[in-house]
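work-v6.txt (compact mmCIF, C-alpha atoms)
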```txt
# COMPACT_ATOMS: atom_id res chain seq x y z
CA MET A 1 0.00 0.00 0.00
CA LYS A 2 2.66 2.43 -1.17
CA LEU A 3 1.90 6.16 -1.03
CA LYS A 4 2.70 8.53 -3.85
CA ARG A 5 5.59 10.92 -3.36
CA PHE A 6 4.65 14.19 -1.68
CA GLU A 7 5.27 16.29 -4.79
CA ASN A 8 3.04 13.96 -6.82
CA ILE A 9 0.26 14.18 -4.22
CA SER A 10 0.61 17.98 -4.31
CA LYS A 11 0.28 17.96 -8.08
CA SER A 12 -2.80 15.75 -7.88
CA LEU A 13 -4.31 18.09 -5.29
CA VAL A 14 -3.79 21.02 -7.65
CA ASN A 15 -5.45 19.05 -10.44
CA LEU A 16 -8.36 18.22 -8.12
CA VAL A 17 -8.84 21.87 -7.16
CA LEU A 18 -8.79 22.91 -10.83
CA ILE A 19 -11.36 20.28 -11.73
CA VAL A 20 -13.63 21.30 -8.85
CA VAL A 21 -13.40 24.99 -9.74
CA MET A 22 -14.25 24.29 -13.38
CA LEU A 23 -17.17 22.06 -12.48
CA LEU A 24 -18.44 24.54 -9.88
CA SER A 25 -18.49 27.23 -12.55
CA VAL A 26 -20.57 24.90 -14.71
CA ALA A 27 -22.95 24.11 -11.85
CA ALA A 28 -23.39 27.81 -11.10
CA TRP A 29 -25.23 28.49 -14.37
CA ARG A 30 -28.22 26.75 -12.81
CA GLY A 31 -28.39 29.60 -10.29
CA GLN A 32 -27.38 27.56 -7.25
CA LEU A 33 -24.48 25.72 -5.66
CA PHE A 34 -24.87 22.77 -3.28
CA GLY A 35 -28.62 23.39 -3.24
CA HIS A 36 -28.34 27.06 -2.19
CA ALA A 37 -29.38 29.86 -4.51
CA LEU A 38 -26.66 32.26 -5.63
CA GLN A 39 -29.06 35.18 -5.26
CA LYS A 40 -30.83 35.57 -1.93
CA GLU A 41 -34.17 36.42 -3.44
CA THR A 42 -34.26 33.13 -5.35
CA ASP A 43 -33.66 31.00 -2.29
CA GLU A 44 -37.25 31.10 -1.06
CA ASN A 45 -40.64 30.41 -2.57
CA SER A 46 -41.00 34.18 -3.12
CA SER A 47 -39.13 33.66 -6.39
CA PHE A 48 -42.00 31.60 -7.82
CA ASN A 49 -44.11 33.05 -10.58
CA LEU A 50 -47.20 31.38 -11.95
CA GLU A 51 -48.44 31.98 -15.47
CA LEU A 52 -52.14 32.11 -16.35
CA GLU A 53 -51.61 29.39 -18.97
CA ASP A 54 -50.44 27.01 -16.23
CA CYS A 55 -53.66 27.61 -14.32
CA GLN A 56 -55.93 27.16 -17.33
CA GLN A 57 -55.02 23.50 -17.76
CA PHE A 58 -56.87 22.86 -14.48
CA PHE A 59 -59.23 25.86 -14.54
CA PRO A 60 -60.26 26.54 -18.18
CA LYS A 61 -62.28 29.58 -17.09
CA ALA A 62 -59.32 31.17 -15.30
CA ALA A 63 -58.93 34.83 -16.26
CA SER A 64 -56.37 36.08 -13.72
CA VAL A 65 -53.96 34.87 -11.06
CA GLN A 66 -52.87 36.81 -7.98
CA LYS A 67 -49.96 36.13 -5.64
CA VAL A 68 -51.17 35.91 -2.03
CA ASN A 69 -47.87 35.25 -0.25
CA ASN A 70 -44.48 33.61 -0.80
CA SER A 71 -46.00 30.27 -1.75
CA GLN A 72 -49.70 30.75 -2.50
CA PHE A 73 -51.62 32.06 -5.51
CA SER A 74 -55.34 32.72 -5.96
CA ILE A 75 -56.99 31.98 -9.31
CA PHE A 76 -60.05 33.99 -10.48
CA ASP A 77 -62.58 33.85 -13.30
CA GLU A 78 -63.71 36.81 -15.44
CA VAL A 79 -65.95 38.26 -12.74
CA ASP A 80 -63.30 37.88 -10.04
CA GLY A 81 -64.93 34.79 -8.62
CA ILE A 82 -62.47 32.52 -6.86
CA LEU A 83 -61.85 29.30 -8.78
CA GLY A 84 -59.08 27.83 -6.68
CA PHE A 85 -55.54 28.12 -5.41
CA ALA A 86 -52.00 27.12 -6.34
CA PHE A 87 -49.34 26.30 -3.77
CA ALA A 88 -45.69 26.56 -4.81
CA TYR A 89 -42.91 24.52 -3.21
CA LYS A 90 -39.15 24.74 -3.80
CA GLY A 91 -38.96 20.97 -4.23
CA GLU A 92 -36.95 18.06 -2.89
CA LYS A 93 -33.72 16.70 -4.34
CA GLY A 94 -34.07 14.22 -7.17
CA TYR A 95 -31.51 12.91 -9.64
CA GLY A 96 -30.76 16.35 -11.10
CA GLY A 97 -31.29 18.55 -8.05
CA ARG A 98 -34.45 20.06 -6.60
CA VAL A 99 -37.77 19.45 -8.36
CA PRO A 100 -40.02 22.49 -7.71
CA LEU A 101 -43.75 21.93 -8.04
CA TYR A 102 -47.16 23.60 -7.90
CA THR A 103 -50.18 21.97 -6.26
CA PHE A 104 -53.53 23.21 -7.57
CA THR A 105 -56.71 22.98 -5.49
CA ASP A 106 -60.27 24.11 -6.02
CA ALA A 107 -61.97 26.65 -3.74
CA ASN A 108 -62.60 23.88 -1.19
CA ASN A 109 -58.91 22.90 -1.03
CA VAL A 110 -59.46 19.67 -2.98
CA ILE A 111 -56.44 18.85 -5.14
CA CYS A 112 -57.15 18.92 -8.86
CA GLY A 113 -53.65 18.75 -10.28
CA ILE A 114 -49.89 19.15 -9.87
CA THR A 115 -47.30 20.60 -12.25
CA LEU A 116 -43.53 20.81 -12.05
CA GLY A 117 -41.40 23.95 -12.07
CA LYS A 118 -38.00 24.35 -13.70
CA HIS A 119 -35.80 21.35 -12.97
CA PHE A 120 -32.86 19.37 -14.36
CA GLU A 121 -34.08 15.79 -14.15
CA GLY A 122 -33.06 13.51 -17.00
CA ASN A 123 -35.78 13.13 -19.65
CA GLU A 124 -35.79 9.35 -19.48
CA TYR A 125 -36.32 9.27 -15.71
CA LEU A 126 -38.90 12.06 -15.90
CA ASN A 127 -40.86 10.44 -18.73
CA LYS A 128 -40.93 7.17 -16.82
CA THR A 129 -42.23 8.98 -13.73
CA LEU A 130 -44.87 11.01 -15.54
CA GLY A 131 -45.90 7.99 -17.59
CA ALA A 132 -46.78 6.23 -14.34
CA GLY A 133 -49.29 9.03 -13.66
CA ILE A 134 -47.63 10.16 -10.47
CA LEU A 135 -48.87 13.76 -10.77
CA THR A 136 -52.49 12.61 -10.58
CA LYS A 137 -52.14 10.30 -7.56
CA TRP A 138 -53.45 12.92 -5.13
CA ASN A 139 -56.34 14.24 -7.24
CA GLY A 140 -59.59 14.38 -5.30
CA LEU A 141 -57.91 14.56 -1.89
CA LEU A 142 -57.96 17.50 0.47
CA ARG A 143 -54.50 19.02 0.96
CA SER A 144 -54.79 17.99 4.60
CA GLN A 145 -55.17 14.35 3.48
CA VAL A 146 -52.03 14.20 1.33
CA ASN A 147 -49.81 12.57 3.94
CA GLU A 148 -52.45 9.97 4.74
CA LYS A 149 -52.09 8.35 1.31
CA PHE A 150 -49.11 6.09 0.59
CA ILE A 151 -47.58 6.55 -2.85
CA ASP A 152 -44.77 4.21 -3.86
CA ALA A 153 -41.75 5.33 -5.90
CA VAL A 154 -41.70 4.47 -9.60
CA SER A 155 -39.41 1.54 -10.32
CA GLY A 156 -36.60 2.62 -12.65
CA ALA A 157 -37.00 6.29 -11.75
CA SER A 158 -36.86 6.18 -7.98
CA PHE A 159 -34.81 9.37 -7.43
CA THR A 160 -37.16 11.53 -9.51
CA SER A 161 -40.40 9.98 -8.28
CA ARG A 162 -39.34 10.12 -4.61
CA ALA A 163 -38.49 13.79 -4.99
CA ILE A 164 -41.97 14.51 -6.38
CA ILE A 165 -43.73 12.43 -3.71
CA LEU A 166 -41.79 14.05 -0.87
CA GLY A 167 -42.26 17.48 -2.46
CA VAL A 168 -46.04 17.10 -2.57
CA GLN A 169 -46.08 15.85 1.03
CA ASN A 170 -43.96 18.76 2.26
CA SER A 171 -45.95 21.32 0.29
CA ALA A 172 -49.09 20.20 2.12
CA SER A 173 -47.60 19.75 5.58
CA GLU A 174 -46.98 22.27 8.33
CA GLN A 175 -44.04 20.18 9.58
CA PRO A 176 -41.12 18.95 7.42
CA VAL A 177 -41.66 15.42 6.14
CA THR A 178 -38.53 13.28 6.30
CA PRO A 179 -38.55 9.74 4.91
CA PRO A 180 -37.17 7.03 7.22
CA PHE A 181 -33.52 6.09 6.63
CA ASN A 182 -32.45 2.48 6.94
CA PHE A 183 -28.67 2.20 6.86
CA ALA A 184 -28.84 -1.58 7.17
CA SER A 185 -30.98 -2.00 4.05
CA THR A 186 -30.19 -4.87 1.71
CA GLU A 187 -29.06 -2.41 -0.97
CA ASN A 188 -26.64 -0.56 1.33
CA ILE A 189 -25.11 -3.63 2.94
CA SER A 190 -24.69 -5.46 -0.38
CA SER A 191 -23.12 -2.42 -2.03
CA LEU A 192 -20.73 -1.64 0.81
CA VAL A 193 -19.58 -5.25 1.13
CA LEU A 194 -18.88 -5.44 -2.60
CA LEU A 195 -17.16 -2.06 -2.46
CA PHE A 196 -14.92 -3.31 0.36
CA ILE A 197 -13.96 -6.37 -1.71
CA LEU A 198 -13.21 -4.23 -4.78
CA THR A 199 -11.10 -1.84 -2.69
CA PHE A 200 -9.10 -4.81 -1.41
CA ALA A 201 -8.69 -6.00 -5.00
CA CYS A 202 -7.39 -2.59 -6.04
CA PHE A 203 -4.59 -2.72 -3.45
CA PHE A 204 -3.83 -6.44 -3.73
CA PRO A 205 -4.67 -7.33 -7.35
CA LYS A 206 -2.43 -10.42 -7.48
CA LYS A 207 -4.41 -12.08 -4.69
CA VAL A 208 -7.76 -11.72 -6.46
CA MET A 209 -6.86 -11.61 -10.16
CA LYS A 210 -8.20 -15.13 -10.75
CA TYR A 211 -11.57 -13.89 -9.47
CA ARG A 212 -11.57 -10.74 -11.58
CA THR A 213 -14.27 -11.99 -13.95
CA VAL A 214 -16.52 -12.88 -11.00
CA LEU A 215 -15.97 -9.42 -9.50
CA GLN A 216 -16.79 -7.78 -12.83
CA VAL A 217 -20.03 -9.73 -13.12
CA LEU A 218 -20.95 -8.72 -9.57
CA SER A 219 -20.19 -5.07 -10.31
CA ILE A 220 -22.38 -5.17 -13.42
CA ALA A 221 -25.18 -6.94 -11.55
CA VAL A 222 -25.12 -4.87 -8.34
CA PHE A 223 -23.88 -1.38 -9.27
CA GLY A 224 -25.27 -1.61 -12.79
CA PHE A 225 -28.58 -3.39 -13.28
CA TRP A 226 -29.78 -3.68 -9.67
CA LEU A 227 -28.98 -0.28 -8.15
CA SER A 228 -27.74 1.82 -11.09
CA GLN A 229 -25.13 3.33 -8.77
CA LEU A 230 -22.54 4.74 -11.18
CA LEU A 231 -20.37 7.81 -11.07
CA SER A 232 -20.98 10.09 -14.03
CA PHE A 233 -20.33 13.60 -15.28
CA VAL A 234 -24.00 14.50 -14.89
CA GLN A 235 -24.16 13.13 -11.34
CA ILE A 236 -21.18 15.24 -10.26
CA ILE A 237 -22.68 18.40 -11.81
CA ASN A 238 -26.05 17.65 -10.18
CA TRP A 239 -24.44 17.31 -6.75
CA LEU A 240 -22.42 20.51 -7.10
CA ALA A 241 -25.49 22.45 -8.21
CA GLY A 242 -28.35 20.89 -6.28
CA GLY A 243 -26.60 19.42 -3.27
CA VAL A 244 -26.50 15.83 -2.09
CA ASN A 245 -29.24 13.83 -0.44
CA TRP A 246 -26.88 11.60 1.54
CA GLN A 247 -29.65 9.23 2.62
CA ILE A 248 -30.37 8.34 -1.00
CA HIS A 249 -26.81 8.60 -2.32
CA LEU A 250 -24.91 7.13 0.62
CA VAL A 251 -23.21 4.41 -1.42
CA LEU A 252 -22.40 6.78 -4.27
CA LEU A 253 -20.84 9.25 -1.81
CA VAL A 254 -18.62 6.51 -0.38
CA LEU A 255 -17.79 5.44 -3.92
CA LEU A 256 -16.91 8.98 -5.00
CA THR A 257 -14.71 9.46 -1.93
CA LEU A 258 -12.77 6.29 -2.68
CA ALA A 259 -12.60 7.13 -6.40
CA VAL A 260 -10.92 10.46 -5.57
CA VAL A 261 -8.81 9.62 -2.49
CA ILE A 262 -7.24 6.37 -3.74
CA PRO A 263 -5.85 7.84 -7.00
CA LEU A 264 -4.89 11.05 -5.19
CA VAL A 265 -2.91 9.41 -2.39
CA PHE A 266 -1.90 6.03 -3.81
CA GLY A 267 -1.92 6.68 -7.56
CA ARG A 268 -4.13 3.66 -8.25
CA ALA A 269 -6.93 3.75 -10.82
CA PHE A 270 -9.65 2.47 -8.53
CA TYR A 271 -13.08 3.25 -9.97
CA CYS A 272 -12.38 2.83 -13.69
CA SER A 273 -10.32 -0.35 -13.22
CA TRP A 274 -12.32 -2.16 -10.56
CA VAL A 275 -15.79 -0.72 -10.00
CA CYS A 276 -17.36 0.86 -13.10
CA PRO A 277 -20.02 -1.58 -14.39
CA TYR A 278 -19.82 -0.27 -17.95
CA GLY A 279 -16.04 -0.61 -17.96
CA ALA A 280 -16.42 -4.17 -16.65
CA ALA A 281 -18.97 -4.95 -19.37
CA GLN A 282 -16.57 -3.70 -22.05
CA GLU A 283 -13.72 -5.78 -20.66
CA LEU A 284 -15.90 -8.90 -20.63
CA CYS A 285 -16.94 -8.23 -24.23
CA GLY A 286 -13.27 -7.98 -25.15
CA LYS A 287 -12.76 -11.58 -24.05
CA ALA A 288 -14.99 -12.73 -26.91
CA CYS A 289 -12.22 -12.13 -29.43
CA SER A 290 -8.48 -12.45 -28.83
CA ARG A 291 -7.51 -10.73 -32.07
CA LYS A 292 -7.73 -6.97 -31.68
CA VAL A 293 -7.79 -4.17 -34.23
CA GLN A 294 -4.46 -2.41 -34.59
CA ILE A 295 -5.14 1.34 -34.56
CA PRO A 296 -2.72 3.41 -36.71
CA SER A 297 -0.36 5.54 -34.62
CA LYS A 298 -1.75 8.87 -35.86
CA THR A 299 -5.30 7.78 -35.11
CA ALA A 300 -4.24 6.50 -31.69
CA LYS A 301 -2.65 9.85 -30.83
CA PHE A 302 -5.83 11.64 -31.90
CA LEU A 303 -8.06 9.30 -29.88
CA LYS A 304 -5.96 9.68 -26.74
CA LEU A 305 -6.93 13.35 -26.66
CA MET A 306 -10.64 12.74 -27.27
CA ARG A 307 -11.65 12.49 -23.59
CA GLU A 308 -10.00 15.81 -22.84
CA ARG A 309 -11.61 17.44 -25.88
CA ILE A 310 -15.05 16.09 -24.99
CA PHE A 311 -14.64 17.38 -21.44
CA ILE A 312 -13.63 20.85 -22.68
CA VAL A 313 -16.48 20.98 -25.20
CA LEU A 314 -18.98 20.07 -22.48
CA LEU A 315 -17.63 22.81 -20.22
CA ILE A 316 -17.83 25.41 -23.00
CA LEU A 317 -21.39 24.43 -23.91
CA LEU A 318 -22.52 24.63 -20.29
CA TRP A 319 -20.59 27.84 -19.59
CA THR A 320 -22.42 29.51 -22.48
CA GLY A 321 -25.80 28.43 -21.09
CA PHE A 322 -26.50 25.77 -23.72
CA SER A 323 -29.15 23.52 -22.18
CA PHE A 324 -29.44 19.81 -22.93
CA ASP A 325 -30.08 16.53 -21.15
CA LEU A 326 -26.72 15.61 -19.63
CA THR A 327 -27.79 12.01 -19.05
CA LEU A 328 -27.50 11.48 -22.82
CA ILE A 329 -23.76 12.15 -23.05
CA GLU A 330 -22.71 8.91 -21.32
CA PRO A 331 -24.12 5.41 -21.89
CA PHE A 332 -24.52 4.60 -18.20
CA THR A 333 -28.31 5.01 -18.04
CA ALA A 334 -28.55 1.90 -20.24
CA PHE A 335 -28.41 -0.12 -17.01
CA SER A 336 -31.80 1.32 -16.02
CA VAL A 337 -33.59 -1.16 -18.27
CA LYS A 338 -37.06 -0.14 -17.07
CA THR A 339 -36.42 3.45 -18.03
CA VAL A 340 -33.86 3.58 -20.80
CA SER A 341 -34.79 4.57 -24.35
CA TYR A 342 -33.95 2.51 -27.43
CA TRP A 343 -31.58 5.30 -28.46
CA MET A 344 -29.54 4.94 -25.27
CA LEU A 345 -29.54 1.16 -25.55
CA GLY A 346 -28.15 1.52 -29.06
CA PHE A 347 -25.57 4.05 -27.89
CA ALA A 348 -24.33 1.73 -25.15
CA SER A 349 -24.40 -1.32 -27.41
CA ILE A 350 -22.19 0.33 -30.04
CA PHE A 351 -19.30 0.73 -27.62
CA LEU A 352 -19.79 -2.75 -26.19
CA ILE A 353 -19.53 -4.20 -29.71
CA LEU A 354 -16.48 -2.05 -30.48
CA SER A 355 -14.87 -3.29 -27.26
CA ILE A 356 -14.79 -6.79 -28.70
CA PHE A 357 -12.15 -5.56 -31.14
CA ILE A 358 -10.74 -2.47 -29.38
CA PRO A 359 -10.16 -2.85 -25.61
CA LYS A 360 -12.50 -0.66 -23.49
CA VAL A 361 -12.94 1.87 -26.26
CA TRP A 362 -15.38 4.12 -24.35
CA CYS A 363 -13.25 4.23 -21.21
CA ARG A 364 -9.98 4.91 -23.01
CA TYR A 365 -11.10 7.46 -25.58
CA PHE A 366 -14.47 9.06 -24.79
CA CYS A 367 -15.50 8.95 -21.11
CA PRO A 368 -15.50 12.46 -19.49
CA THR A 369 -15.89 10.92 -16.02
CA GLY A 370 -12.85 8.76 -16.65
CA PHE A 371 -10.91 11.83 -17.78
CA ILE A 372 -11.72 13.61 -14.51
CA LEU A 373 -10.57 10.70 -12.36
CA GLU A 374 -7.47 10.09 -14.46
CA TRP A 375 -6.48 13.76 -14.30
CA ILE A 376 -6.65 13.59 -10.52
CA ARG A 377 -4.54 10.43 -10.48
CA LYS A 378 -1.81 11.94 -12.65
```

If you convert what's in this file into C-alpha cells, what do you get?
Amino acid sequence: MKLKRFENISKSLVNLVLIVVMLLSVAAWRGQLFGHALQKETDENSSFNLELEDCQQFFPKAASVQKVNNSQFSIFDEVDGILGFAFAYKGEKGYGGRVPLYTFTDANNVICGITLGKHFEGNEYLNKTLGAGILTKWNGLLRSQVNEKFIDAVSGASFTSRAIILGVQNSASEQPVTPPFNFASTENISSLVLLFILTFACFFPKKVMKYRTVLQVLSIAVFGFWLSQLLSFVQIINWLAGGVNWQIHLVLLVLLTLAVVIPLVFGRAFYCSWVCPYGAAQELCGKACSRKVQIPSKTAKFLKLMRERIFIVLLILLWTGFSFDLTLIEPFTAFSVKTVSYWMLGFASIFLILSIFIPKVWCRYFCPTGFILEWIRK
C-alpha cells in the first residue's frame, strides 16, 4: 500500500482543485451551488411566478392569477370569482437537483392537479415517472389528506419519483416530512460489502486476479442493473449544483470518496479499473475475441486526446448556457432497463460491440468521467 511521493500528491491536489473549480463554474449556471441559490431572493418560494396558462389546464375559465404570499396564488374567473388556489414549493432533491412543483386545489382545497417547475431531471427518468401518472395520484384529496395516502416510488425512476412524492407531502404539511432512513438495508449492505472487496482487490490485485471476472459480473449486476449506482459527469454536476441527499446517495458518496482519495494518495486507478459496471462490461466483451484491431499511430494519438476534448467541449457548452439533457452524453443510463430509451440502448451497445475488437474503447477514448478521475490520479 505504497503512497505517492509528496510532490506527486501535491500535483494531484492542484489538479483536483482545478477540476472542482471548473465544475463549480458549470454548476453555477443553474443559479445555485450545493442546493443554495446564488441570489438571496431566489432561495425562497418568493421567487415563484405562476403563469395564467399554467392555471388554465386545471381551470379553463381562469382569467387572472394573484400572488397571495411567498407560496400561494389565488386563481379567479372573469368576474373575479375565486376558482381555486396554487401552492408553490421549492422541491426536494431528485436525480438532477431540486424538483419544484405547484399543487392546484379548487376553492374547497381539494387537489385537482400538480405541475412541475424548472428542474434538471433527465428526460428518461422524468418520462418514466410522468408515464406512471404520479402527478395525478393525489387528485380528489384535500390538501390535509395528502400525507395519509401512501404513494410508492416508480421503479426505474426512484430518485425523480421520490423527490416529487416528498415534495407534494412537504408542500401540504406544516411540519417537514422526512422519509425514514435504513442504513442496514439490503441495498446498502450489499453495495458496501462489494465495495470493500473491490477496494481490497485494487490494493492487492495479485491475490484476487483469478476472481476478476466474477468481481466484474458482480459489479455489473449490483452497481449496474440492480442499483444503477454509477459515477458520471452529470451526477457530479447535479451534486455541485443541487446538493447531495446523503440518505439516498450514501453508497455513491462513499464510492466517489474512494474514487478520488485512492488515485490522489496512492496513484491507483480504482473506480475505472475495478468498480465501473460499464467498464467491466466492455472488458468482458473484449474476451470474446483475442484478435484486436491495430489502430494506426496517428489515429491512436488523436483518440488519446478525445476524452480531454469532450470534457472541454462540455464545459464550454454549459458555460455559455446551452441547455441539454446531460444524461445522454454517457451510456450509463442503459443499465436502467425499465427506463432507458432505445436510443440509449443503441448508444451503449455500439461501444460494447467495439470493445470486442478495441479494448475498453469508451473508457480509453471518450468517457468524461474517466478523464476527470485520471487527471486527478496523474

I'd like to know which of A:Leu250, A:Val99, A:Ile356, A:Val68 is closest to Arg291 of chain A, using only C-alpha atoms.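 Nearest to Arg291 of chain A: A:Ile356.
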
Restricting the calculation to only C-alpha atoms, which member of A:Ile248, A:Leu18, A:Ala348, A:Cys55 is positioned closest to Thr115 of chain A?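 For Thr115 of chain A, the nearest of the given residues is A:Cys55.
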
Exercise: residues within 10 Å of coordinate (-4.9, 13.7, -17.8), counting all atoms listed in the file, as a PyMOL selection string: chain A and resi 15+304-305+307-308+370-378

Selection to disk with C-alpha atoms, as a PDB file, in the coordinates of the input:
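Writing done, so here's selection.pdb:
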```
ATOM      1  CA  ASN A  15      -5.450  19.050 -10.440  1.00  0.00           C
ATOM      2  CA  LYS A 304      -5.960   9.680 -26.740  1.00  0.00           C
ATOM      3  CA  LEU A 305      -6.930  13.350 -26.660  1.00  0.00           C
ATOM      4  CA  ARG A 307     -11.650  12.490 -23.590  1.00  0.00           C
ATOM      5  CA  GLU A 308     -10.000  15.810 -22.840  1.00  0.00           C
ATOM      6  CA  GLY A 370     -12.850   8.760 -16.650  1.00  0.00           C
ATOM      7  CA  PHE A 371     -10.910  11.830 -17.780  1.00  0.00           C
ATOM      8  CA  ILE A 372     -11.720  13.610 -14.510  1.00  0.00           C
ATOM      9  CA  LEU A 373     -10.570  10.700 -12.360  1.00  0.00           C
ATOM     10  CA  GLU A 374      -7.470  10.090 -14.460  1.00  0.00           C
ATOM     11  CA  TRP A 375      -6.480  13.760 -14.300  1.00  0.00           C
ATOM     12  CA  ILE A 376      -6.650  13.590 -10.520  1.00  0.00           C
ATOM     13  CA  ARG A 377      -4.540  10.430 -10.480  1.00  0.00           C
ATOM     14  CA  LYS A 378      -1.810  11.940 -12.650  1.00  0.00           C
TER      15      LYS A 378
END
```

Residue with smallest distance to Met22 of chain A - pool A:Leu315, A:Met209, A:Leu142, A:Ala259, counting only C-alpha atoms: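 Using only C-alpha atoms, Met22 of chain A sits closest to A:Leu315.
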
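Each of A:Ala172, A:Ser355, A:Gln294, A:Phe311 was compared to Phe233 of chain A using all atoms listed in the file, and A:Phe311 turns out to be the nearest.
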
Gap from atom CA of Ala86 of chain A to atom CA of Val154 of chain A - Å, one decimal: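 Pair atom CA of Ala86 of chain A / atom CA of Val154 of chain A returns 25.1 Å.
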
Sel. within 9 Å of pt (-39.4, 18.9, -6.1), counting only C-alpha atoms, output as a VMD selection string: chain A and resid 89 to 94 97 to 101 116 to 117 119 160 162 to 168

So, counting only C-alpha atoms, which residue among A:Phe203, A:Leu256, A:Phe366, A:Gln235 is closest to Lys2 of chain A?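 Counting only C-alpha atoms, the residue closest to Lys2 of chain A is A:Phe203.
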
For Gln56 of chain A, the nearest of the candidates A:Phe302, A:Phe104, A:Phe196, A:Phe87, counting only C-alpha atoms: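 Of all the options, A:Phe104 lies closest to Gln56 of chain A.
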
Find the spatial neighbours of segment 266-281 of chain A, counting all atoms listed in the file, within a cut-off of 9 Å - ignore same-chain residues fewer than 5 positions away - and output them as a PDB file with C-alpha atoms, in the coordinates of the input.
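Output file out_30.pdb follows:
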```pdb
ATOM      1  CA  MET A   1       0.000   0.000   0.000  1.00  0.00           C
ATOM      2  CA  LYS A   2       2.660   2.430  -1.170  1.00  0.00           C
ATOM      3  CA  LEU A   3       1.900   6.160  -1.030  1.00  0.00           C
ATOM      4  CA  LYS A   4       2.700   8.530  -3.850  1.00  0.00           C
ATOM      5  CA  ARG A   5       5.590  10.920  -3.360  1.00  0.00           C
ATOM      6  CA  ASN A   8       3.040  13.960  -6.820  1.00  0.00           C
ATOM      7  CA  ILE A   9       0.260  14.180  -4.220  1.00  0.00           C
ATOM      8  CA  LEU A 195     -17.160  -2.060  -2.460  1.00  0.00           C
ATOM      9  CA  LEU A 198     -13.210  -4.230  -4.780  1.00  0.00           C
ATOM     10  CA  THR A 199     -11.100  -1.840  -2.690  1.00  0.00           C
ATOM     11  CA  ALA A 201      -8.690  -6.000  -5.000  1.00  0.00           C
ATOM     12  CA  CYS A 202      -7.390  -2.590  -6.040  1.00  0.00           C
ATOM     13  CA  PHE A 203      -4.590  -2.720  -3.450  1.00  0.00           C
ATOM     14  CA  ARG A 212     -11.570 -10.740 -11.580  1.00  0.00           C
ATOM     15  CA  THR A 213     -14.270 -11.990 -13.950  1.00  0.00           C
ATOM     16  CA  LEU A 215     -15.970  -9.420  -9.500  1.00  0.00           C
ATOM     17  CA  GLN A 216     -16.790  -7.780 -12.830  1.00  0.00           C
ATOM     18  CA  VAL A 217     -20.030  -9.730 -13.120  1.00  0.00           C
ATOM     19  CA  LEU A 218     -20.950  -8.720  -9.570  1.00  0.00           C
ATOM     20  CA  SER A 219     -20.190  -5.070 -10.310  1.00  0.00           C
ATOM     21  CA  ILE A 220     -22.380  -5.170 -13.420  1.00  0.00           C
ATOM     22  CA  ALA A 221     -25.180  -6.940 -11.550  1.00  0.00           C
ATOM     23  CA  VAL A 222     -25.120  -4.870  -8.340  1.00  0.00           C
ATOM     24  CA  PHE A 223     -23.880  -1.380  -9.270  1.00  0.00           C
ATOM     25  CA  GLY A 224     -25.270  -1.610 -12.790  1.00  0.00           C
ATOM     26  CA  PHE A 225     -28.580  -3.390 -13.280  1.00  0.00           C
ATOM     27  CA  LEU A 230     -22.540   4.740 -11.180  1.00  0.00           C
ATOM     28  CA  LEU A 231     -20.370   7.810 -11.070  1.00  0.00           C
ATOM     29  CA  LEU A 255     -17.790   5.440  -3.920  1.00  0.00           C
ATOM     30  CA  LEU A 256     -16.910   8.980  -5.000  1.00  0.00           C
ATOM     31  CA  LEU A 258     -12.770   6.290  -2.680  1.00  0.00           C
ATOM     32  CA  ALA A 259     -12.600   7.130  -6.400  1.00  0.00           C
ATOM     33  CA  VAL A 260     -10.920  10.460  -5.570  1.00  0.00           C
ATOM     34  CA  VAL A 261      -8.810   9.620  -2.490  1.00  0.00           C
ATOM     35  CA  GLY A 286     -13.270  -7.980 -25.150  1.00  0.00           C
ATOM     36  CA  PRO A 331     -24.120   5.410 -21.890  1.00  0.00           C
ATOM     37  CA  PHE A 332     -24.520   4.600 -18.200  1.00  0.00           C
ATOM     38  CA  PHE A 335     -28.410  -0.120 -17.010  1.00  0.00           C
ATOM     39  CA  ALA A 348     -24.330   1.730 -25.150  1.00  0.00           C
ATOM     40  CA  LEU A 352     -19.790  -2.750 -26.190  1.00  0.00           C
ATOM     41  CA  LYS A 360     -12.500  -0.660 -23.490  1.00  0.00           C
ATOM     42  CA  TRP A 362     -15.380   4.120 -24.350  1.00  0.00           C
ATOM     43  CA  CYS A 363     -13.250   4.230 -21.210  1.00  0.00           C
ATOM     44  CA  GLY A 370     -12.850   8.760 -16.650  1.00  0.00           C
ATOM     45  CA  LEU A 373     -10.570  10.700 -12.360  1.00  0.00           C
ATOM     46  CA  GLU A 374      -7.470  10.090 -14.460  1.00  0.00           C
ATOM     47  CA  ILE A 376      -6.650  13.590 -10.520  1.00  0.00           C
ATOM     48  CA  ARG A 377      -4.540  10.430 -10.480  1.00  0.00           C
ATOM     49  CA  LYS A 378      -1.810  11.940 -12.650  1.00  0.00           C
TER      50      LYS A 378
END
```

What does the distance from atom CA of Thr257 of chain A to atom CA of Ser323 of chain A come to in Å, to one decimal?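 Computing the Euclidean distance for atom CA of Thr257 of chain A and atom CA of Ser323 of chain A yields 28.6 Å.
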
Where atoms are missing, can you supply N, CA, C and O atoms for segment 57-61 of chain A and output the lot as a PDB file, keeping the file's coordinate frame?
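Output saved as result36.pdb:
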```pdb
ATOM      1  N   GLN A  57     -54.921  24.927 -17.488  1.00  0.00           N
ATOM      2  CA  GLN A  57     -55.020  23.500 -17.760  1.00  0.00           C
ATOM      3  C   GLN A  57     -55.866  22.797 -16.704  1.00  0.00           C
ATOM      4  O   GLN A  57     -56.411  21.716 -16.957  1.00  0.00           O
ATOM      5  N   PHE A  58     -56.017  23.418 -15.530  1.00  0.00           N
ATOM      6  CA  PHE A  58     -56.870  22.860 -14.480  1.00  0.00           C
ATOM      7  C   PHE A  58     -58.145  23.675 -14.300  1.00  0.00           C
ATOM      8  O   PHE A  58     -59.159  23.151 -13.837  1.00  0.00           O
ATOM      9  N   PHE A  59     -58.074  24.956 -14.641  1.00  0.00           N
ATOM     10  CA  PHE A  59     -59.230  25.860 -14.540  1.00  0.00           C
ATOM     11  C   PHE A  59     -59.405  26.571 -15.879  1.00  0.00           C
ATOM     12  O   PHE A  59     -58.884  27.672 -16.083  1.00  0.00           O
ATOM     13  N   PRO A  60     -60.102  25.949 -16.833  1.00  0.00           N
ATOM     14  CA  PRO A  60     -60.260  26.540 -18.180  1.00  0.00           C
ATOM     15  C   PRO A  60     -60.865  27.940 -18.164  1.00  0.00           C
ATOM     16  O   PRO A  60     -60.611  28.731 -19.079  1.00  0.00           O
ATOM     17  N   LYS A  61     -61.647  28.265 -17.153  1.00  0.00           N
ATOM     18  CA  LYS A  61     -62.280  29.580 -17.090  1.00  0.00           C
ATOM     19  C   LYS A  61     -61.412  30.611 -16.362  1.00  0.00           C
ATOM     20  O   LYS A  61     -61.858  31.746 -16.134  1.00  0.00           O
TER      21      LYS A  61
END
```
